[in-house]
$ cat start.txt   # compact mmCIF, C-alpha atoms and all ligand atoms
# COMPACT_ATOMS: atom_id res chain seq x y z
CA GLU A 16 -124.85 -84.73 111.37
CA ALA A 17 -124.25 -84.30 115.09
CA MET A 18 -122.13 -81.17 114.89
CA HIS A 19 -124.54 -79.18 112.71
CA PRO A 20 -126.37 -76.57 114.79
CA ASP A 21 -129.60 -78.31 115.72
CA ASP A 22 -132.84 -76.40 115.11
CA GLY A 23 -134.39 -78.23 118.04
CA TYR A 24 -132.40 -75.96 120.37
CA THR A 25 -133.78 -72.56 121.32
CA SER A 26 -131.96 -69.53 119.91
CA TYR A 27 -131.88 -66.26 121.82
CA PRO A 28 -134.60 -64.58 119.74
CA GLU A 29 -136.72 -67.69 120.28
CA VAL A 30 -136.19 -67.49 124.06
CA VAL A 31 -137.34 -63.87 124.04
CA GLU A 32 -140.38 -64.84 121.94
CA HIS A 33 -141.21 -67.73 124.28
CA VAL A 34 -141.01 -65.47 127.33
CA ASP A 35 -143.17 -62.82 125.64
CA GLY A 36 -145.72 -65.55 124.88
CA LEU A 37 -145.80 -66.70 128.50
CA VAL A 38 -146.25 -63.13 129.72
CA ALA A 39 -149.11 -62.60 127.25
CA GLU A 40 -150.78 -65.87 128.21
CA HIS A 41 -150.24 -65.61 131.99
CA PRO A 42 -149.91 -61.93 132.91
CA GLY A 43 -150.91 -62.70 136.48
CA LEU A 44 -148.09 -65.22 136.84
CA VAL A 45 -145.18 -64.19 134.63
CA HIS A 46 -143.34 -60.91 134.30
CA SER A 47 -140.17 -60.26 132.36
CA GLN A 48 -137.64 -57.59 133.19
CA VAL A 49 -134.57 -56.37 131.31
CA TYR A 50 -131.66 -56.27 133.77
CA GLY A 51 -129.06 -55.01 131.34
CA GLN A 52 -127.57 -55.31 127.88
CA SER A 53 -125.01 -57.78 126.61
CA TYR A 54 -121.73 -56.60 125.12
CA GLU A 55 -123.31 -56.74 121.65
CA GLY A 56 -126.44 -54.97 122.88
CA ARG A 57 -128.94 -57.76 123.43
CA ASP A 58 -131.47 -57.37 126.24
CA LEU A 59 -130.62 -59.52 129.26
CA LEU A 60 -133.84 -60.98 130.66
CA ALA A 61 -134.92 -62.03 134.12
CA VAL A 62 -138.37 -63.61 134.35
CA ARG A 63 -140.30 -63.44 137.61
CA ILE A 64 -142.92 -66.12 138.26
CA SER A 65 -145.17 -65.59 141.25
CA ASP A 66 -148.80 -64.85 142.07
CA ASP A 67 -148.35 -61.09 141.59
CA PRO A 68 -145.24 -60.97 139.41
CA THR A 69 -145.06 -57.27 138.57
CA VAL A 70 -144.44 -56.26 142.18
CA ASP A 71 -141.95 -57.23 144.87
CA GLN A 72 -143.58 -59.29 147.58
CA ASP A 73 -142.15 -60.32 150.93
CA LYS A 74 -141.62 -63.95 149.98
CA PRO A 75 -138.52 -66.14 149.66
CA GLU A 76 -136.96 -65.77 146.23
CA VAL A 77 -135.23 -68.46 144.18
CA LEU A 78 -132.88 -67.89 141.24
CA PHE A 79 -132.24 -70.15 138.25
CA THR A 80 -129.45 -69.08 135.89
CA HIS A 81 -128.63 -70.64 132.54
CA SER A 82 -126.04 -70.61 129.79
CA GLN A 83 -123.13 -68.73 131.31
CA HIS A 84 -121.30 -71.03 128.89
CA ALA A 85 -122.55 -70.62 125.34
CA ARG A 86 -121.77 -74.16 124.19
CA GLU A 87 -124.14 -75.64 126.78
CA PRO A 88 -127.47 -75.17 124.95
CA LEU A 89 -129.32 -77.85 126.91
CA THR A 90 -129.30 -75.42 129.86
CA VAL A 91 -131.48 -72.94 127.94
CA GLU A 92 -133.96 -75.76 127.37
CA MET A 93 -133.93 -76.30 131.14
CA ALA A 94 -134.99 -72.67 131.62
CA VAL A 95 -137.83 -73.13 129.16
CA ARG A 96 -138.86 -76.30 131.00
CA ILE A 97 -138.94 -74.58 134.40
CA MET A 98 -141.04 -71.70 133.09
CA ASP A 99 -143.41 -74.07 131.27
CA MET A 100 -143.72 -76.44 134.23
CA LEU A 101 -144.65 -73.63 136.62
CA THR A 102 -147.12 -71.92 134.31
CA GLU A 103 -148.80 -75.13 133.12
CA GLY A 104 -148.94 -76.59 136.63
CA TYR A 105 -150.35 -73.48 138.27
CA GLY A 106 -153.98 -73.98 139.19
CA SER A 107 -153.97 -77.69 138.32
CA ASP A 108 -151.05 -79.16 140.29
CA GLU A 109 -151.46 -78.52 144.00
CA ARG A 110 -147.75 -78.60 144.87
CA ILE A 111 -146.78 -76.21 142.06
CA THR A 112 -149.65 -73.85 142.86
CA GLU A 113 -148.58 -73.69 146.50
CA LEU A 114 -144.92 -73.03 145.60
CA VAL A 115 -145.73 -70.32 143.06
CA ASP A 116 -148.07 -68.66 145.58
CA THR A 117 -145.47 -68.63 148.34
CA ARG A 118 -142.24 -67.89 146.42
CA GLU A 119 -140.89 -65.41 143.90
CA ILE A 120 -139.10 -67.43 141.26
CA TRP A 121 -136.51 -65.80 138.99
CA VAL A 122 -135.40 -67.46 135.77
CA VAL A 123 -132.53 -65.95 133.80
CA PRO A 124 -132.97 -68.12 130.70
CA ASN A 125 -129.76 -67.09 128.94
CA SER A 126 -127.13 -65.02 130.72
CA ASN A 127 -124.78 -65.07 127.71
CA PRO A 128 -126.86 -64.47 124.56
CA ASP A 129 -123.95 -63.14 122.47
CA GLY A 130 -122.09 -66.38 123.09
CA THR A 131 -125.12 -68.47 122.18
CA GLU A 132 -125.78 -66.62 118.93
CA TYR A 133 -122.13 -66.93 117.94
CA ASP A 134 -122.09 -70.62 118.88
CA ARG A 135 -125.06 -71.27 116.57
CA SER A 136 -123.70 -69.26 113.65
CA GLY A 137 -122.19 -71.06 110.69
CA ASP A 138 -122.50 -74.62 109.43
CA THR A 139 -121.26 -76.26 112.60
CA TRP A 140 -121.54 -75.48 116.28
CA GLN A 141 -118.63 -73.19 117.15
CA ASN A 142 -117.70 -74.85 120.46
CA TRP A 143 -117.83 -71.34 121.96
CA ARG A 144 -117.78 -71.06 125.75
CA LYS A 145 -117.12 -67.43 126.68
CA THR A 146 -118.73 -64.04 126.15
CA ARG A 147 -117.87 -62.07 122.98
CA GLY A 148 -116.35 -58.95 124.51
CA ALA A 149 -113.10 -57.48 123.16
CA ASN A 150 -109.93 -57.87 125.22
CA GLU A 151 -107.42 -55.06 125.33
CA GLY A 152 -104.09 -55.99 123.80
CA SER A 153 -105.36 -59.26 122.34
CA GLU A 154 -107.16 -60.45 119.24
CA ALA A 155 -108.92 -63.09 121.31
CA LEU A 156 -112.52 -62.39 122.28
CA GLY A 157 -114.43 -63.19 125.40
CA THR A 158 -114.27 -63.91 129.11
CA ASP A 159 -115.30 -67.10 130.85
CA MET A 160 -118.23 -65.77 132.89
CA ASN A 161 -117.81 -68.55 135.43
CA ARG A 162 -114.30 -67.31 136.29
CA ASN A 163 -115.17 -63.59 136.43
CA TRP A 164 -117.15 -63.41 139.71
CA ALA A 165 -115.86 -61.35 142.59
CA HIS A 166 -115.00 -63.87 145.26
CA GLU A 167 -111.36 -65.02 145.46
CA TRP A 168 -111.10 -64.02 141.78
CA GLY A 169 -108.01 -65.57 140.20
CA CYS A 170 -106.79 -66.79 143.57
CA CYS A 171 -105.95 -70.39 143.17
CA GLY A 172 -104.97 -71.62 139.75
CA GLY A 173 -108.59 -72.29 138.82
CA SER A 174 -108.69 -69.86 135.87
CA SER A 175 -106.41 -68.36 133.24
CA GLY A 176 -104.95 -64.88 132.73
CA ASP A 177 -104.60 -65.51 128.98
CA PRO A 178 -107.41 -63.97 126.87
CA GLY A 179 -106.99 -66.83 124.42
CA SER A 180 -107.83 -69.43 127.06
CA MET A 181 -111.27 -71.06 127.42
CA THR A 182 -111.11 -70.19 131.14
CA TYR A 183 -109.95 -66.57 130.81
CA ARG A 184 -110.93 -64.82 134.03
CA GLY A 185 -111.14 -61.30 132.51
CA GLN A 186 -109.24 -58.14 133.42
CA ALA A 187 -110.86 -57.75 136.81
CA PRO A 188 -113.77 -59.20 138.79
CA GLU A 189 -117.07 -58.43 136.99
CA SER A 190 -115.18 -57.02 134.00
CA ALA A 191 -117.47 -58.96 131.65
CA THR A 192 -120.54 -56.87 130.84
CA GLU A 193 -122.82 -59.86 131.36
CA VAL A 194 -121.36 -60.77 134.77
CA GLU A 195 -121.54 -57.22 136.07
CA ALA A 196 -125.18 -56.96 134.95
CA LEU A 197 -126.16 -60.27 136.56
CA ALA A 198 -124.26 -59.45 139.77
CA ASP A 199 -126.04 -56.07 139.89
CA PHE A 200 -129.35 -57.86 139.40
CA VAL A 201 -128.62 -60.22 142.31
CA ARG A 202 -127.54 -57.28 144.49
CA SER A 203 -130.78 -55.50 143.57
CA ARG A 204 -132.70 -58.31 145.28
CA GLU A 205 -131.38 -57.10 148.60
CA VAL A 206 -134.42 -55.36 150.07
CA GLY A 207 -134.33 -53.63 153.44
CA GLY A 208 -130.79 -54.89 154.02
CA GLU A 209 -131.73 -58.51 153.42
CA GLN A 210 -131.01 -60.62 150.34
CA GLN A 211 -134.41 -61.97 149.28
CA ILE A 212 -132.96 -64.79 147.21
CA THR A 213 -132.33 -67.74 149.50
CA THR A 214 -131.49 -70.57 147.09
CA ALA A 215 -130.21 -70.88 143.51
CA ILE A 216 -129.11 -73.26 140.79
CA ASP A 217 -126.73 -72.35 137.95
CA PHE A 218 -127.20 -74.80 135.08
CA HIS A 219 -124.31 -76.18 133.00
CA THR A 220 -123.45 -79.23 130.93
CA TYR A 221 -122.12 -81.79 131.15
CA GLY A 222 -121.28 -84.59 133.60
CA GLU A 223 -124.53 -85.28 135.52
CA LEU A 224 -123.30 -83.68 138.73
CA VAL A 225 -124.80 -81.65 141.56
CA LEU A 226 -122.04 -79.34 142.85
CA TRP A 227 -121.89 -76.91 145.76
CA PRO A 228 -119.37 -74.31 147.00
CA PHE A 229 -116.61 -73.73 147.48
CA GLY A 230 -114.79 -74.30 144.21
CA TYR A 231 -111.64 -72.37 145.06
CA THR A 232 -110.58 -74.66 147.90
CA TYR A 233 -110.72 -78.36 148.69
CA ASP A 234 -111.67 -77.49 152.28
CA GLU A 235 -115.29 -77.98 153.27
CA VAL A 236 -115.17 -75.38 156.01
CA ALA A 237 -113.37 -72.19 155.01
CA ASP A 238 -113.59 -68.44 155.55
CA GLY A 239 -117.31 -67.70 155.17
CA MET A 240 -118.51 -71.33 155.28
CA ASN A 241 -119.07 -72.99 158.63
CA GLN A 242 -119.89 -76.66 159.22
CA ASP A 243 -123.67 -76.15 159.43
CA GLU A 244 -123.63 -74.17 156.21
CA TYR A 245 -121.55 -76.82 154.47
CA ASP A 246 -123.81 -79.57 155.80
CA THR A 247 -126.86 -77.70 154.50
CA HIS A 248 -125.40 -77.53 151.00
CA GLU A 249 -124.40 -81.17 151.16
CA ALA A 250 -127.78 -82.39 152.44
CA LEU A 251 -129.78 -80.39 149.90
CA GLY A 252 -127.39 -81.39 147.13
CA GLU A 253 -127.74 -85.06 148.05
CA LEU A 254 -131.52 -84.78 148.23
CA MET A 255 -131.70 -83.32 144.72
CA ALA A 256 -129.15 -85.80 143.37
CA ASP A 257 -131.29 -88.65 144.73
CA SER A 258 -134.07 -87.33 142.50
CA ASN A 259 -132.18 -86.88 139.24
CA GLY A 260 -129.55 -89.60 139.58
CA TYR A 261 -126.64 -87.19 139.29
CA THR A 262 -123.50 -87.46 141.45
CA PRO A 263 -123.39 -85.00 144.37
CA GLN A 264 -120.09 -83.41 145.46
CA GLN A 265 -118.36 -80.20 146.49
CA SER A 266 -117.43 -78.41 143.27
CA SER A 267 -113.67 -78.48 143.94
CA GLY A 268 -113.97 -82.28 143.88
CA LEU A 269 -114.37 -81.91 140.11
CA TYR A 270 -111.48 -79.45 139.79
CA ILE A 271 -110.49 -76.15 141.36
CA THR A 272 -112.28 -73.10 139.96
CA ASP A 273 -111.87 -69.54 141.13
CA GLY A 274 -114.27 -66.71 140.36
CA SER A 275 -117.27 -69.01 139.90
CA ILE A 276 -120.83 -67.82 140.43
CA ASN A 277 -121.28 -70.47 143.14
CA ASP A 278 -118.57 -69.10 145.36
CA TRP A 279 -119.80 -65.51 144.96
CA LEU A 280 -123.49 -66.28 145.51
CA TRP A 281 -122.62 -68.01 148.76
CA ALA A 282 -119.74 -65.95 150.15
CA ASP A 283 -120.91 -62.51 149.06
CA GLN A 284 -124.71 -62.91 149.07
CA GLY A 285 -125.40 -65.77 151.49
CA ILE A 286 -127.43 -67.72 148.92
CA VAL A 287 -127.43 -71.52 149.33
CA ASN A 288 -126.62 -72.57 145.78
CA PHE A 289 -125.64 -75.29 143.37
CA THR A 290 -124.23 -75.92 139.94
CA PHE A 291 -126.01 -78.65 138.01
CA GLU A 292 -123.97 -80.29 135.28
CA MET A 293 -126.70 -81.80 133.10
CA TYR A 294 -126.72 -84.64 130.56
CA PRO A 295 -124.69 -86.38 129.29
CA GLY A 296 -122.72 -88.16 131.97
CA SER A 297 -119.88 -88.86 129.58
CA PRO A 298 -118.58 -87.36 126.33
CA GLY A 299 -119.76 -90.32 124.24
CA ASP A 300 -123.36 -89.20 124.39
CA GLY A 301 -122.94 -85.98 122.44
CA GLY A 302 -120.86 -83.91 124.84
CA PHE A 303 -122.08 -80.32 124.82
CA TYR A 304 -124.32 -80.96 121.81
CA PRO A 305 -126.51 -84.00 122.31
CA PRO A 306 -129.25 -84.40 119.67
CA SER A 307 -132.26 -82.23 120.48
CA ASP A 308 -134.49 -85.27 120.88
CA VAL A 309 -133.04 -85.76 124.40
CA ILE A 310 -134.35 -82.36 125.53
CA GLY A 311 -137.69 -83.64 126.84
CA GLU A 312 -136.29 -86.44 128.95
CA GLU A 313 -133.21 -84.62 130.23
CA THR A 314 -135.05 -81.50 131.31
CA ALA A 315 -137.92 -83.49 132.87
CA ARG A 316 -135.28 -85.17 134.99
CA ASN A 317 -134.65 -81.94 136.86
CA GLU A 318 -138.25 -81.00 137.58
CA GLU A 319 -138.24 -82.75 140.95
CA PRO A 320 -134.94 -81.18 142.14
CA VAL A 321 -136.21 -77.74 141.09
CA LEU A 322 -139.39 -78.26 143.13
CA GLN A 323 -137.36 -79.52 146.09
CA LEU A 324 -135.18 -76.41 145.99
CA LEU A 325 -138.28 -74.20 145.80
CA ASP A 326 -139.69 -76.04 148.80
CA TYR A 327 -136.60 -75.45 150.96
CA ALA A 328 -136.32 -71.79 149.96
CA ASP A 329 -138.25 -70.68 153.07
CA CYS A 330 -135.39 -71.94 155.24
CA PRO A 331 -132.72 -74.13 153.65
CA TYR A 332 -131.20 -74.86 157.06
CA ARG A 333 -134.23 -76.85 158.10
CA ILE A 334 -132.81 -79.74 156.07
CA ILE A 335 -130.23 -80.21 158.84
CA GLY A 336 -132.72 -79.34 161.56
CA GLU A 337 -131.35 -75.84 162.17
CA GLU A 338 -133.04 -72.48 161.98
CA GLU A 339 -130.60 -69.85 160.89
O1 LIG B 1 -115.78 -75.20 134.75
C1 LIG B 1 -116.92 -74.77 134.96
O2 LIG B 1 -117.20 -73.59 135.01
C2 LIG B 1 -118.04 -75.79 135.20
N1 LIG B 1 -117.93 -76.90 134.32
S1 LIG B 1 -118.24 -76.69 132.71
O3 LIG B 1 -117.90 -77.90 132.03
N2 LIG B 1 -119.80 -76.47 132.53
O4 LIG B 1 -117.54 -75.53 132.27
C3 LIG B 1 -117.92 -76.32 136.60
C4 LIG B 1 -118.02 -75.31 137.65
C5 LIG B 1 -118.04 -75.99 138.96
N3 LIG B 1 -117.33 -75.28 139.92
C6 LIG B 1 -117.94 -74.32 140.64
N4 LIG B 1 -119.18 -74.07 140.42
N5 LIG B 1 -117.26 -73.69 141.54
ZN ZN B 2 -120.46 -74.66 131.95
$ encode --input "start.txt" --output "structure tokens"
Amino acid sequence: EAMHPDDGYTSYPEVVEHVDGLVAEHPGLVHSQVYGQSYEGRDLLAVRISDDPTVDQDKPEVLFTHSQHAREPLTVEMAVRIMDMLTEGYGSDERITELVDTREIWVVPNSNPDGTEYDRSGDTWQNWRKTRGANEGSEALGTDMNRNWAHEWGCCGGSSGDPGSMTYRGQAPESATEVEALADFVRSREVGGEQQITTAIDFHTYGELVLWPFGYTYDEVADGMNQDEYDTHEALGELMADSNGYTPQQSSGLYITDGSINDWLWADQGIVNFTFEMYPGSPGDGGFYPPSDVIGEETARNEEPVLQLLDYADCPYRIIGEEE
């Protein structure tokens, strides 16, 4: 039965166990750090993969974030795939070895573990999107993490002020425990006044899209985004979409969102970044809960785009022939 929680998907305790296993097996490649606690007290994990992962090196950093939305479990599988690809390929695959040696790669395999564990509880998937934090003056739980980021928060009709809504933006920017912790983690990667993270992907489902900022406006060029910067996002987005067969577009082309991670990572932190909406392309193929036997194929599909993004992390602007 399609709607029964599928054991083929990785629970939060299983993610933690998988990460611990990778650290034990590859201590010279993988290090895991707790960047905070969820509302319900779960450890929030960021995994660093590099050639000396317990220390900060002066190398371009890349961030992969997963599962802001609980009901998008395929994105957690994507995190597992990235970590497995890099650790298995190191020392045998020349391209992967070179990228791991010259980058610091951060994987946040599940940024919303409370949501995931609630979504998996019971006899059917719970169709749960948000966090599980209490909201003052309401019985409704949770904030939509991808409406709670601190750039143009609540500006433009791309979120809701109603705690009962799927797209509730929260009481204030970063009011969700899990958003504040992840934003603090990103800010902590500013070393010597410079943000070390240069490129990022935030994984979602579904729609088979590669999206780039801004989401709050239909304009390509806006306050904080000049034409070269837009063109860089577009060119890198199109390159990656050529590899996975997704449709590339500015995120507002889908619909207007305000307070998304994309807009904040770019406008506040200067990180060239994308949202990937993974499989399926249309609701007929399982929507948020495709059968777990698609995991292999649909995560493999994004290996090439991930490697392309890692490659351009030294200077994303070189894709348009600029050095910025
Ligand atoms: O609405 C969202 O947050 C994302 N779609 S989902 O079905 N996974 O909920 C799309 C976000 C795209 N917009 C921006 N990243 N700005
Ligand atoms: Zn989503």
$ closest_residue --input "start.txt" --among "A:Gly157, A:Pro305, A:Gly36, A:Gly173" --to "Asp99 (chain A)" --atoms "all atoms listed in the file"
A:Gly36
$ residues_near_ligand --input "start.txt" --ligand "ligand LIG 1 (chain B)" --cutoff "10 Å" --atoms "all atoms listed in the file" --output "PyMOL selection string"
chain A and resi 82-87+90+144-145+159-162+173-174+181-182+216-222+224-232+265-279+288-293+302-303
$ closest_residue --input "start.txt" --among "A:Glu92, A:Pro28, A:Glu167, A:Ala328" --to "Asp238 (chain A)" --atoms "all atoms listed in the file"
A:Glu167
$ closest_residue --input "start.txt" --among "A:Gln72, A:Ser65, A:Gln48, A:Thr80" --to "ligand ZN 2 (chain B)" --atoms "all atoms listed in the file"
A:Thr80
$ atom_distance --input "start.txt" --atom1 "CA of Ala39 (chain A)" --atom2 "CA of Arg63 (chain A)"
13.6 Å
$ closest_residue --input "start.txt" --among "A:Pro88, A:Gly152, A:Gly252, A:Gly51" --to "ligand ZN 2 (chain B)" --atoms "only C-alpha atoms and all ligand atoms"
A:Pro88
$ closest_residue --input "start.txt" --among "A:Gly148, A:Gly137, A:Pro320, A:Gly311" --to "Ala215 (chain A)" --atoms "all atoms listed in the file"
A:Pro320
$ atom_distance --input "start.txt" --atom1 "CA of Gly207 (chain A)" --atom2 "CA of Ala165 (chain A)"
22.8 Å
$ closest_residue --input "start.txt" --among "A:Ser190, A:Thr247, A:Thr139, A:Thr102" --to "Leu324 (chain A)" --atoms "all atoms listed in the file"
A:Thr247
$ atom_distance --input "start.txt" --atom1 "CA of Met98 (chain A)" --atom2 "CA of Ser126 (chain A)"
15.6 Å
$ decode --input "start.txt" --residues "region 233-243 of chain A" --atoms "all heavy atoms" --output "mmCIF file, in the first residue's frame"
data_model
loop_
_atom_site.group_PDB
_atom_site.id
_atom_site.type_symbol
_atom_site.label_atom_id
_atom_site.label_comp_id
_atom_site.auth_asym_id
_atom_site.auth_seq_id
_atom_site.Cartn_x
_atom_site.Cartn_y
_atom_site.Cartn_z
ATOM 1 N N TYR A 233 9.548 38.311 -9.188
ATOM 2 C CA TYR A 233 9.680 37.783 -10.544
ATOM 3 C C TYR A 233 10.887 38.380 -11.267
ATOM 4 O O TYR A 233 11.317 37.857 -12.289
ATOM 5 C CB TYR A 233 8.411 38.073 -11.363
ATOM 6 C CG TYR A 233 7.178 37.370 -10.844
ATOM 7 C CD1 TYR A 233 6.088 38.087 -10.366
ATOM 8 C CD2 TYR A 233 7.098 35.973 -10.834
ATOM 9 C CE1 TYR A 233 4.953 37.450 -9.902
ATOM 10 C CE2 TYR A 233 5.966 35.323 -10.363
ATOM 11 C CZ TYR A 233 4.895 36.068 -9.890
ATOM 12 O OH TYR A 233 3.781 35.432 -9.426
ATOM 13 N N ASP A 234 11.409 39.497 -10.740
ATOM 14 C CA ASP A 234 12.546 40.154 -11.401
ATOM 15 C C ASP A 234 13.790 39.282 -11.330
ATOM 16 O O ASP A 234 14.070 38.668 -10.296
ATOM 17 C CB ASP A 234 12.858 41.501 -10.732
ATOM 18 C CG ASP A 234 11.731 42.502 -10.920
ATOM 19 O OD1 ASP A 234 10.893 42.294 -11.816
ATOM 20 O OD2 ASP A 234 11.700 43.490 -10.155
ATOM 21 N N GLU A 235 14.558 39.268 -12.416
ATOM 22 C CA GLU A 235 15.844 38.565 -12.391
ATOM 23 C C GLU A 235 16.847 39.386 -11.586
ATOM 24 O O GLU A 235 17.501 38.880 -10.666
ATOM 25 C CB GLU A 235 16.364 38.364 -13.830
ATOM 26 C CG GLU A 235 15.463 37.454 -14.655
ATOM 27 C CD GLU A 235 16.009 37.186 -16.044
ATOM 28 O OE1 GLU A 235 17.068 37.758 -16.415
ATOM 29 O OE2 GLU A 235 15.377 36.389 -16.768
ATOM 30 N N VAL A 236 16.984 40.634 -11.962
ATOM 31 C CA VAL A 236 17.903 41.546 -11.284
ATOM 32 C C VAL A 236 17.102 42.334 -10.256
ATOM 33 O O VAL A 236 16.070 42.908 -10.570
ATOM 34 C CB VAL A 236 18.572 42.486 -12.305
ATOM 35 C CG1 VAL A 236 19.381 43.565 -11.600
ATOM 36 C CG2 VAL A 236 19.479 41.676 -13.240
ATOM 37 N N ALA A 237 17.564 42.300 -9.021
ATOM 38 C CA ALA A 237 16.851 42.970 -7.926
ATOM 39 C C ALA A 237 17.901 43.418 -6.923
ATOM 40 O O ALA A 237 19.098 43.144 -7.098
ATOM 41 C CB ALA A 237 15.869 42.007 -7.268
ATOM 42 N N ASP A 238 17.459 44.094 -5.873
ATOM 43 C CA ASP A 238 18.367 44.529 -4.825
ATOM 44 C C ASP A 238 19.214 43.339 -4.363
ATOM 45 O O ASP A 238 18.669 42.330 -3.910
ATOM 46 C CB ASP A 238 17.527 45.071 -3.654
ATOM 47 C CG ASP A 238 18.373 45.918 -2.718
ATOM 48 O OD1 ASP A 238 19.483 46.320 -3.120
ATOM 49 O OD2 ASP A 238 17.920 46.156 -1.592
ATOM 50 N N GLY A 239 20.531 43.419 -4.527
ATOM 51 C CA GLY A 239 21.393 42.316 -4.103
ATOM 52 C C GLY A 239 21.641 41.248 -5.155
ATOM 53 O O GLY A 239 22.289 40.244 -4.858
ATOM 54 N N MET A 240 21.133 41.407 -6.355
ATOM 55 C CA MET A 240 21.383 40.435 -7.434
ATOM 56 C C MET A 240 21.591 41.203 -8.729
ATOM 57 O O MET A 240 20.629 41.731 -9.301
ATOM 58 C CB MET A 240 20.179 39.489 -7.573
ATOM 59 C CG MET A 240 20.229 38.502 -8.748
ATOM 60 S SD MET A 240 21.231 37.045 -8.461
ATOM 61 C CE MET A 240 20.088 36.008 -7.540
ATOM 62 N N ASN A 241 22.851 41.290 -9.166
ATOM 63 C CA ASN A 241 23.087 41.986 -10.434
ATOM 64 C C ASN A 241 23.026 40.997 -11.606
ATOM 65 O O ASN A 241 22.844 39.792 -11.410
ATOM 66 C CB ASN A 241 24.391 42.793 -10.381
ATOM 67 C CG ASN A 241 25.636 41.904 -10.320
ATOM 68 O OD1 ASN A 241 25.639 40.777 -10.827
ATOM 69 N ND2 ASN A 241 26.688 42.423 -9.700
ATOM 70 N N GLN A 242 23.187 41.516 -12.813
ATOM 71 C CA GLN A 242 23.004 40.663 -14.000
ATOM 72 C C GLN A 242 24.037 39.535 -14.056
ATOM 73 O O GLN A 242 23.685 38.391 -14.366
ATOM 74 C CB GLN A 242 23.056 41.500 -15.278
ATOM 75 C CG GLN A 242 22.588 40.731 -16.518
ATOM 76 C CD GLN A 242 21.092 40.388 -16.471
ATOM 77 O OE1 GLN A 242 20.258 41.283 -16.317
ATOM 78 N NE2 GLN A 242 20.742 39.112 -16.591
ATOM 79 N N ASP A 243 25.295 39.823 -13.742
ATOM 80 C CA ASP A 243 26.316 38.765 -13.765
ATOM 81 C C ASP A 243 25.987 37.668 -12.751
ATOM 82 O O ASP A 243 26.195 36.478 -13.006
ATOM 83 C CB ASP A 243 27.705 39.337 -13.419
ATOM 84 C CG ASP A 243 28.382 39.984 -14.628
ATOM 85 O OD1 ASP A 243 27.814 39.923 -15.745
ATOM 86 O OD2 ASP A 243 29.473 40.552 -14.432
#
